[in-house]
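Shown next: structure.txt, containing compact mmCIF, C-alpha atoms and all ligand atoms.
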```txt
# COMPACT_ATOMS: atom_id res chain seq x y z
CA MET A 814 0.00 0.00 0.00
CA CYS A 815 1.27 3.46 -0.94
CA GLY A 816 1.91 6.01 1.83
CA LYS A 817 1.34 9.72 1.48
CA LEU A 818 3.33 12.93 1.24
CA TYR A 819 2.20 15.82 3.47
CA VAL A 820 3.40 19.37 2.77
CA VAL A 821 3.27 20.99 6.19
CA ALA A 822 3.42 24.74 6.85
CA THR A 823 5.35 25.74 9.99
CA PRO A 824 5.44 29.09 11.86
CA ILE A 825 7.18 32.17 10.40
CA GLY A 826 8.23 33.40 13.82
CA ASN A 827 5.60 32.76 16.43
CA LEU A 828 5.83 29.11 17.50
CA ALA A 829 2.14 29.09 18.44
CA ASP A 830 1.25 29.34 14.75
CA LEU A 831 1.46 25.60 14.10
CA SER A 832 -1.97 24.07 13.51
CA TYR A 833 -3.37 21.20 15.60
CA ARG A 834 -3.52 19.10 12.46
CA ALA A 835 0.13 19.87 11.65
CA VAL A 836 1.12 18.65 15.13
CA GLU A 837 -0.86 15.44 14.63
CA ILE A 838 0.61 14.79 11.19
CA LEU A 839 4.17 15.49 12.36
CA LYS A 840 3.63 12.93 15.14
CA GLN A 841 2.03 10.31 12.92
CA VAL A 842 4.23 10.24 9.82
CA ASP A 843 7.11 7.77 9.51
CA LEU A 844 9.64 10.42 8.50
CA ILE A 845 9.95 14.20 8.34
CA ALA A 846 11.97 15.71 5.50
CA ALA A 847 13.26 19.05 6.80
CA GLU A 848 15.22 21.91 5.24
CA ASP A 849 17.40 22.12 8.35
CA THR A 850 17.07 19.18 10.73
CA ARG A 851 18.45 21.11 13.74
CA HIS A 852 15.98 23.92 13.18
CA ALA A 853 13.10 21.45 12.76
CA ARG A 854 14.19 19.59 15.91
CA MET A 855 13.65 22.76 17.97
CA LEU A 856 10.09 23.13 16.67
CA LEU A 857 9.36 19.44 17.26
CA GLN A 858 10.75 19.61 20.79
CA HIS A 859 8.51 22.58 21.54
CA TYR A 860 5.53 20.36 20.70
CA GLY A 861 6.91 17.22 22.34
CA ILE A 862 7.26 15.44 19.01
CA ASN A 863 10.00 12.86 18.73
CA ASN A 864 10.10 11.73 15.13
CA ARG A 865 12.74 10.76 12.60
CA LEU A 866 14.19 13.58 10.50
CA VAL A 867 15.93 13.50 7.18
CA SER A 868 17.56 16.48 5.52
CA LEU A 869 16.09 17.89 2.30
CA HIS A 870 17.49 21.26 1.21
CA GLN A 871 18.21 23.30 -1.89
CA HIS A 872 21.53 21.52 -2.51
CA ASN A 873 20.49 17.88 -2.09
CA GLU A 874 16.79 17.78 -2.97
CA GLY A 875 17.41 16.64 -6.56
CA LYS A 876 19.33 13.65 -5.20
CA VAL A 877 17.24 12.64 -2.19
CA SER A 878 13.73 13.19 -3.58
CA PRO A 879 13.56 9.99 -5.73
CA GLY A 880 14.54 7.88 -2.70
CA LEU A 881 11.83 9.51 -0.58
CA ILE A 882 9.23 8.84 -3.28
CA ASP A 883 10.30 5.15 -3.31
CA LYS A 884 9.80 5.02 0.46
CA ILE A 885 6.27 6.44 0.08
CA LYS A 886 5.51 3.89 -2.64
CA ASN A 887 6.64 1.20 -0.21
CA GLY A 888 4.06 2.37 2.31
CA LEU A 889 5.77 5.07 4.40
CA SER A 890 4.19 8.47 4.98
CA ILE A 891 6.45 11.51 4.88
CA ALA A 892 5.96 15.14 5.97
CA LEU A 893 7.89 17.90 4.23
CA VAL A 894 8.73 21.03 6.25
CA SER A 895 10.93 24.04 5.57
CA ASP A 896 12.61 26.39 8.05
CA ALA A 897 9.62 28.72 8.12
CA GLY A 898 6.23 29.04 6.51
CA THR A 899 4.94 27.09 3.56
CA PRO A 900 7.40 24.79 1.77
CA LEU A 901 8.08 25.53 -1.94
CA LEU A 902 7.30 29.27 -1.49
CA SER A 903 10.92 30.46 -1.92
CA ASP A 904 11.82 27.24 -0.10
CA PRO A 905 12.85 23.68 -1.03
CA GLY A 906 10.37 20.96 -1.99
CA MET A 907 9.54 21.45 -5.66
CA PRO A 908 11.40 18.34 -6.97
CA LEU A 909 9.77 16.14 -4.31
CA VAL A 910 6.22 17.38 -4.98
CA LYS A 911 6.75 17.26 -8.75
CA LEU A 912 7.98 13.66 -8.61
CA ALA A 913 5.07 12.70 -6.35
CA ARG A 914 2.61 14.16 -8.86
CA GLN A 915 4.35 12.47 -11.80
CA GLN A 916 4.26 9.12 -10.05
CA ASP A 917 0.69 9.33 -8.77
CA VAL A 918 1.76 9.57 -5.14
CA GLU A 919 -0.89 11.28 -3.05
CA VAL A 920 0.14 14.75 -1.81
CA SER A 921 -1.83 16.61 0.85
CA PRO A 922 -1.30 20.15 2.12
CA ILE A 923 -1.37 21.00 5.82
CA PRO A 924 -1.84 24.77 5.43
CA GLY A 925 -0.60 27.42 7.80
CA ALA A 926 1.73 30.39 7.97
CA CYS A 927 3.11 32.03 4.84
CA ALA A 928 4.81 35.44 4.98
CA LEU A 929 3.43 36.41 1.56
CA ILE A 930 -0.20 35.72 2.46
CA ALA A 931 0.13 37.16 5.97
CA ALA A 932 1.54 40.41 4.53
CA LEU A 933 -1.10 40.63 1.81
CA SER A 934 -3.89 40.09 4.32
CA VAL A 935 -2.95 43.20 6.32
CA SER A 936 -1.67 45.42 3.50
CA GLY A 937 -4.88 47.15 2.52
CA LEU A 938 -3.69 46.88 -1.10
CA PRO A 939 -5.83 45.06 -3.70
CA VAL A 940 -5.42 41.30 -3.26
CA THR A 941 -7.91 39.81 -5.71
CA GLN A 942 -5.02 39.53 -8.12
CA PHE A 943 -1.36 39.80 -7.14
CA ARG A 944 2.05 38.88 -8.46
CA TYR A 945 4.48 37.01 -6.22
CA GLU A 946 8.13 37.42 -7.15
CA GLY A 947 10.07 35.52 -4.48
CA PHE A 948 13.31 37.29 -3.50
CA SER A 949 14.45 40.33 -5.45
CA PRO A 950 17.86 39.90 -7.15
CA ARG A 951 21.00 40.40 -5.05
CA THR A 952 22.85 42.99 -7.09
CA SER A 953 21.71 46.55 -7.64
CA SER A 954 21.96 46.34 -11.44
CA ALA A 955 19.92 43.12 -11.59
CA ARG A 956 17.36 44.62 -9.20
CA LYS A 957 16.87 47.66 -11.41
CA VAL A 958 16.22 45.42 -14.42
CA PHE A 959 13.81 43.38 -12.27
CA PHE A 960 11.96 46.51 -11.07
CA SER A 961 11.89 48.05 -14.56
CA SER A 962 10.13 45.05 -16.02
CA ARG A 963 7.44 45.34 -13.35
CA LYS A 964 6.96 49.08 -13.08
CA ASN A 965 3.79 49.10 -15.19
CA GLU A 966 2.28 46.08 -13.44
CA THR A 967 -1.37 46.83 -12.68
CA VAL A 968 -1.80 44.37 -9.81
CA THR A 969 -0.14 44.42 -6.38
CA TRP A 970 3.30 42.85 -6.55
CA VAL A 971 5.19 41.31 -3.70
CA PHE A 972 8.78 40.35 -3.05
CA TYR A 973 10.81 39.00 -0.16
CA GLU A 974 13.82 40.96 1.06
CA SER A 975 16.62 40.40 3.55
CA SER A 976 17.82 42.87 6.18
CA HIS A 977 21.17 43.27 4.34
CA ARG A 978 19.51 44.63 1.24
CA ILE A 979 16.25 46.25 2.35
CA LEU A 980 17.43 49.88 2.13
CA ALA A 981 19.42 49.43 -1.09
CA SER A 982 16.50 47.58 -2.62
CA LEU A 983 13.98 50.33 -1.77
CA GLU A 984 16.38 52.98 -3.08
CA ASP A 985 16.77 51.05 -6.34
CA LEU A 986 12.99 50.81 -6.56
CA ALA A 987 12.75 54.61 -6.14
CA GLU A 988 14.99 55.06 -9.19
CA ILE A 989 12.51 53.10 -11.29
CA VAL A 990 9.03 53.99 -9.99
CA SER A 991 7.70 57.28 -8.62
CA SER A 992 8.45 57.93 -4.95
CA ASP A 993 4.68 58.57 -4.59
CA ARG A 994 3.93 54.91 -5.24
CA GLN A 995 2.21 53.29 -2.24
CA ILE A 996 4.13 50.45 -0.72
CA VAL A 997 3.76 48.26 2.34
CA LEU A 998 6.72 47.08 4.35
CA ALA A 999 5.83 44.06 6.49
CA ARG A 1000 8.65 43.36 8.92
CA GLU A 1001 9.06 40.54 11.46
CA LEU A 1002 5.50 39.31 11.04
CA THR A 1003 4.09 37.39 14.02
CA LYS A 1004 7.18 38.26 16.09
CA LEU A 1005 7.78 40.61 19.03
CA HIS A 1006 8.89 43.53 16.85
CA GLU A 1007 6.31 43.13 14.09
CA THR A 1008 6.07 46.38 12.10
CA ILE A 1009 3.74 47.06 9.19
CA VAL A 1010 4.15 50.38 7.41
CA LYS A 1011 1.97 51.58 4.55
CA ASP A 1012 3.05 54.84 2.95
CA SER A 1013 4.57 56.36 -0.18
CA LEU A 1014 7.86 54.78 -1.24
CA GLY A 1015 9.70 58.05 -0.52
CA ARG A 1016 8.40 58.26 3.06
CA VAL A 1017 9.06 54.57 3.75
CA ILE A 1018 12.67 55.04 2.62
CA GLU A 1019 13.01 57.96 5.05
CA GLN A 1020 11.77 55.77 7.90
CA VAL A 1021 14.10 52.90 7.01
CA LYS A 1022 17.04 55.32 6.72
CA SER A 1023 16.41 57.08 10.00
CA ASN A 1024 15.68 54.04 12.17
CA ILE A 1025 18.27 51.27 12.36
CA TYR A 1026 15.63 48.82 13.69
CA MET A 1027 13.71 49.24 10.45
CA ARG A 1028 16.67 47.60 8.70
CA LYS A 1029 16.71 44.52 10.93
CA GLY A 1030 14.78 41.28 10.60
CA GLU A 1031 12.81 39.71 7.77
CA PHE A 1032 10.79 41.68 5.24
CA VAL A 1033 7.99 41.36 2.76
CA VAL A 1034 7.64 44.33 0.38
CA LEU A 1035 4.33 44.95 -1.37
CA VAL A 1036 4.07 47.47 -4.20
CA GLU A 1037 0.78 48.95 -5.35
CA GLY A 1038 0.00 48.26 -8.99
CA VAL A 1039 -0.33 51.11 -11.48
CA VAL A 1040 -3.85 52.47 -11.48
CA ASN A 1041 -4.86 52.72 -15.12
CA GLU A 1042 -7.36 55.51 -15.61
CA LYS A 1043 -9.15 54.80 -18.85
CA LYS A 1044 -9.05 57.83 -21.11
CA PRO A 1045 -12.40 58.49 -22.73
CA ALA A 1046 -12.29 57.76 -26.45
CA ALA A 1047 -12.08 60.95 -28.51
CA ILE A 1048 -12.57 61.94 -32.14
CA SER A 1049 -9.61 63.08 -34.26
CA GLU A 1050 -8.88 66.71 -35.16
CA GLU A 1051 -10.00 66.07 -38.76
CA GLN A 1052 -13.30 64.50 -37.63
CA LYS A 1053 -13.84 67.48 -35.34
CA ARG A 1054 -13.19 69.92 -38.24
CA VAL A 1055 -15.77 68.17 -40.47
CA LEU A 1056 -18.31 68.16 -37.66
CA THR A 1057 -17.73 71.85 -36.90
CA VAL A 1058 -18.35 72.82 -40.55
CA LEU A 1059 -21.52 70.73 -40.71
CA LEU A 1060 -22.85 72.15 -37.44
CA LYS A 1061 -22.71 75.63 -38.95
CA ALA A 1062 -25.26 74.59 -41.62
CA CYS A 1063 -27.32 71.77 -40.06
CA SER A 1064 -29.02 70.62 -36.91
CA ILE A 1065 -27.04 68.45 -34.50
CA LYS A 1066 -28.88 65.32 -35.66
CA THR A 1067 -28.19 65.96 -39.37
CA ALA A 1068 -24.60 67.06 -38.76
CA VAL A 1069 -23.85 63.93 -36.74
CA GLY A 1070 -25.49 61.70 -39.38
CA LEU A 1071 -23.49 63.28 -42.21
CA ALA A 1072 -20.24 63.35 -40.21
CA THR A 1073 -20.66 59.62 -39.45
CA GLU A 1074 -20.95 58.89 -43.17
CA ILE A 1075 -18.08 61.18 -44.18
CA THR A 1076 -15.53 60.31 -41.48
CA GLY A 1077 -16.49 56.75 -40.47
CA ALA A 1078 -16.18 57.75 -36.78
CA ARG A 1079 -18.55 56.22 -34.20
CA LYS A 1080 -21.90 58.02 -34.10
CA LYS A 1081 -21.97 58.07 -30.30
CA LEU A 1082 -18.59 59.83 -30.14
CA LEU A 1083 -19.58 62.35 -32.82
CA TYR A 1084 -22.85 63.06 -31.02
CA GLN A 1085 -21.04 63.77 -27.73
CA ALA A 1086 -18.52 65.98 -29.58
CA ALA A 1087 -21.40 67.83 -31.32
CA LEU A 1088 -23.03 68.56 -27.96
CA ASP A 1089 -19.69 69.85 -26.58
CA LEU A 1090 -19.13 72.06 -29.68
CA SER A 1091 -22.66 73.48 -29.51
CA GLN A 1092 -22.24 74.32 -25.82
CA GLN A 1093 -18.95 76.06 -26.55
CA ALA A 1094 -20.62 78.07 -29.34
CA ASP A 1095 -23.46 79.23 -27.02
N1 LIG B 1 8.32 29.70 2.82
C1 LIG B 1 8.30 30.94 3.51
C2 LIG B 1 6.87 31.51 3.52
O1 LIG B 1 5.93 30.74 3.43
O2 LIG B 1 6.70 32.70 3.65
C3 LIG B 1 9.32 31.91 2.97
C4 LIG B 1 10.72 31.41 3.07
S1 LIG B 1 11.91 32.51 2.43
C5 LIG B 1 13.33 31.50 2.46
C6 LIG B 1 12.24 33.56 3.78
C7 LIG B 1 11.83 35.00 3.51
O3 LIG B 1 10.43 35.13 3.74
C8 LIG B 1 12.48 36.01 4.43
O4 LIG B 1 13.75 36.41 3.96
C9 LIG B 1 11.49 37.15 4.40
O5 LIG B 1 11.64 37.91 3.22
C10 LIG B 1 10.17 36.39 4.33
N2 LIG B 1 9.71 36.13 5.71
C11 LIG B 1 9.72 34.97 6.38
N3 LIG B 1 9.23 35.13 7.61
C12 LIG B 1 8.91 36.43 7.74
C13 LIG B 1 8.34 37.23 8.78
N4 LIG B 1 8.07 36.70 9.95
N5 LIG B 1 8.13 38.53 8.54
C14 LIG B 1 8.40 39.09 7.34
N6 LIG B 1 8.94 38.38 6.32
C15 LIG B 1 9.19 37.07 6.52
```
If you took the structure in this file and wrote it as structure tokens, what would it be?
Ligand code: SAM
Amino acid sequence: MCGKLYVVATPIGNLADLSYRAVEILKQVDLIAAEDTRHARMLLQHYGINNRLVSLHQHNEGKVSPGLIDKIKNGLSIALVSDAGTPLLSDPGMPLVKLARQQDVEVSPIPGACALIAALSVSGLPVTQFRYEGFSPRTSSARKVFFSSRKNETVTWVFYESSHRILASLEDLAEIVSSDRQIVLARELTKLHETIVKDSLGRVIEQVKSNIYMRKGEFVVLVEGVVNEKKPAAISEEQKRVLTVLLKACSIKTAVGLATEITGARKKLLYQAALDLSQQAD
């Protein structure tokens, strides 16, 4: 009989944010594949869980995943955890889950903390659609290219940032988008020094510059999408000239009818323009 793979979300700071079901699953499975076994051990100890751990991280997951899938096919159940939050979201686990799906191994999520979702939920920015980018690039030049390609994005976009780069990253962003753009800085979520700031990019940079604590910890940055104000459709200068001439000799109705035939412009647009021209003439 085939076992099962569980993808288990763990806390992003506050140890109390592990679900009851996650605790049960972590107790019941035969093996826990963890990004860092020492880190996972601390969480397990906190919950009195004494289970077997195996290491699965960015540098070995390609190698160890097939073996873990074989174990599941032989009847074992395995839980996958990362150091914090939801595995696969800027964390290891993709090769394991992909192999499981390819080989018809059952995969079940045990949902819980995720810095991206936690930050979105308190941002006050539109969340119906959003774009998740993972970490921004490490070098300033690569970051500027990254920000440039997103500057006209119309939905909220979100990236993860480290304390070493938060100020440089925001300053690079300010070279690409207007410093009026609304952003949200979500720092140390669920922890003692949780800080959530929503303001213009320029003012957030000032805060980060002037307060050393605003450069410490873990960050999620959310950027408001560009608000596209639809311009009302307009008639061309030539269409307007024809309409103006006709209005001098005919009623609005006749002028609009003739102008539609002559110029091919939409009747509704010509009618609105005729009303505007007549008002101006009055
Ligand atoms: N899988 C995780 C998740 O579900 O959010 C993300 C892992 S990624 C390696 C770690 C990054 O997530 C951090 O560098 C930071 O940008 C963000 N992050 C994690 N915990 C956070 C927290 N408590 N507050 C703010 N950002 C956090």
What does the distance between CA of Val1017 (chain A) and atom C2 of ligand LIG 1 (chain B) come to in Å, to one decimal place?
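Distance between the two atoms: 23.2 Å.
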Output the neighbourhood of ligand LIG 1 (chain B) as an MDAnalysis selection string, that is, all protein and nucleic acid residues with some atom at most 6 Å from the ligand, counting all atoms listed in the file.
chainID A and resid 825:826 897:900 902:904 927:929 973:975 999:1003 1031:1033
For Gln841 (chain A), which residue out of A:His870, A:Arg951, A:Arg865, A:Lys1053 is the nearest one, using only C-alpha atoms?
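So, comparing all the options, the nearest one is A:Arg865.
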Set out as a tab-separated table a contact list for region 873-955 of chain A and region 976-987 of chain A with a cut-off of 12 Å, giving each residue of region 873-955 of chain A that qualifies its closest atom pair and distance in Å to one decimal, counting all atoms listed in the file, ordered by chain and rising residue number.
```
residue	atom	partner	partner_atom	distance
A:Phe948	CA	A:Arg978	CA	10.7
A:Ser949	CA	A:Ser982	CA	8.0
A:Pro950	CA	A:Ser982	CA	9.0
A:Arg951	CA	A:Arg978	CA	7.7
A:Thr952	CA	A:Ser982	CA	9.0
A:Ser953	CA	A:Asp985	CA	6.8
A:Ser954	CA	A:Asp985	CA	8.7
A:Ala955	CA	A:Asp985	CA	10.0
```
Looking at all atoms listed in the file, which of A:Gln1052, A:Thr1073, A:Ser868, A:Ser890 is the one that sits closest to Glu919 (chain A)?
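Among the listed residues, A:Ser890 lies closest to Glu919 (chain A).
Coordinates place CA of Lys1004 (chain A) at a distance of 20.1 Å from CA of Tyr833 (chain A).
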Draw an axis-aligned box over all listed atoms of region 950-959 of chain A, pad each side with 6 Å, and write its centre and edge lengths in Å, one decimal, as AutoDock Vina command-line options.
```
--center_x 18.3 --center_y 43.8 --center_z -9.7 --size_x 21.0 --size_y 19.8 --size_z 21.4
```
Do you know which residues are at most 12 Å from Ser878 (chain A) counting only C-alpha atoms, after dropping those on the same chain fewer than 6 positions away, and could you put them as a PyMOL selection string?
chain A and resi 818+846-847+867-872+884-885+891+893+905-913
Which of these, A:Ala822, A:Leu889, A:Ala926, A:Val1039, has the shortest distance to Asn965 (chain A) once you count all atoms listed in the file?
A:Val1039
Judged by all atoms listed in the file, the minimum distance to Ser962 (chain A) among A:Ile989, A:Ala835, A:Ala1078, A:Val940 is found for A:Ile989
Contacts of region 1060-1071 of chain A at 8 Å (only C-alpha atoms; same-chain gap of 5+ positions) as a ChimeraX atom specification:
/A:1080,1083-1084,1087-1088
Create the file for the chosen residues now, containing C-alpha atoms and written as a PDB file, keeping the file's coordinate frame.
```pdb
ATOM      1  CA  LYS A1080     -21.900  58.020 -34.100  1.00  0.00           C
ATOM      2  CA  LEU A1083     -19.580  62.350 -32.820  1.00  0.00           C
ATOM      3  CA  TYR A1084     -22.850  63.060 -31.020  1.00  0.00           C
ATOM      4  CA  ALA A1087     -21.400  67.830 -31.320  1.00  0.00           C
ATOM      5  CA  LEU A1088     -23.030  68.560 -27.960  1.00  0.00           C
TER       6      LEU A1088
END
```
For Arg1079 (chain A), which residue out of A:Val1040, A:Ala1047, A:Val935, A:Val836 is the nearest one, using only C-alpha atoms?
A:Ala1047
Judged by only C-alpha atoms, the minimum distance to Tyr860 (chain A) among A:Gly875, A:Glu848, A:Thr967, A:Ser832 is found for A:Ser832
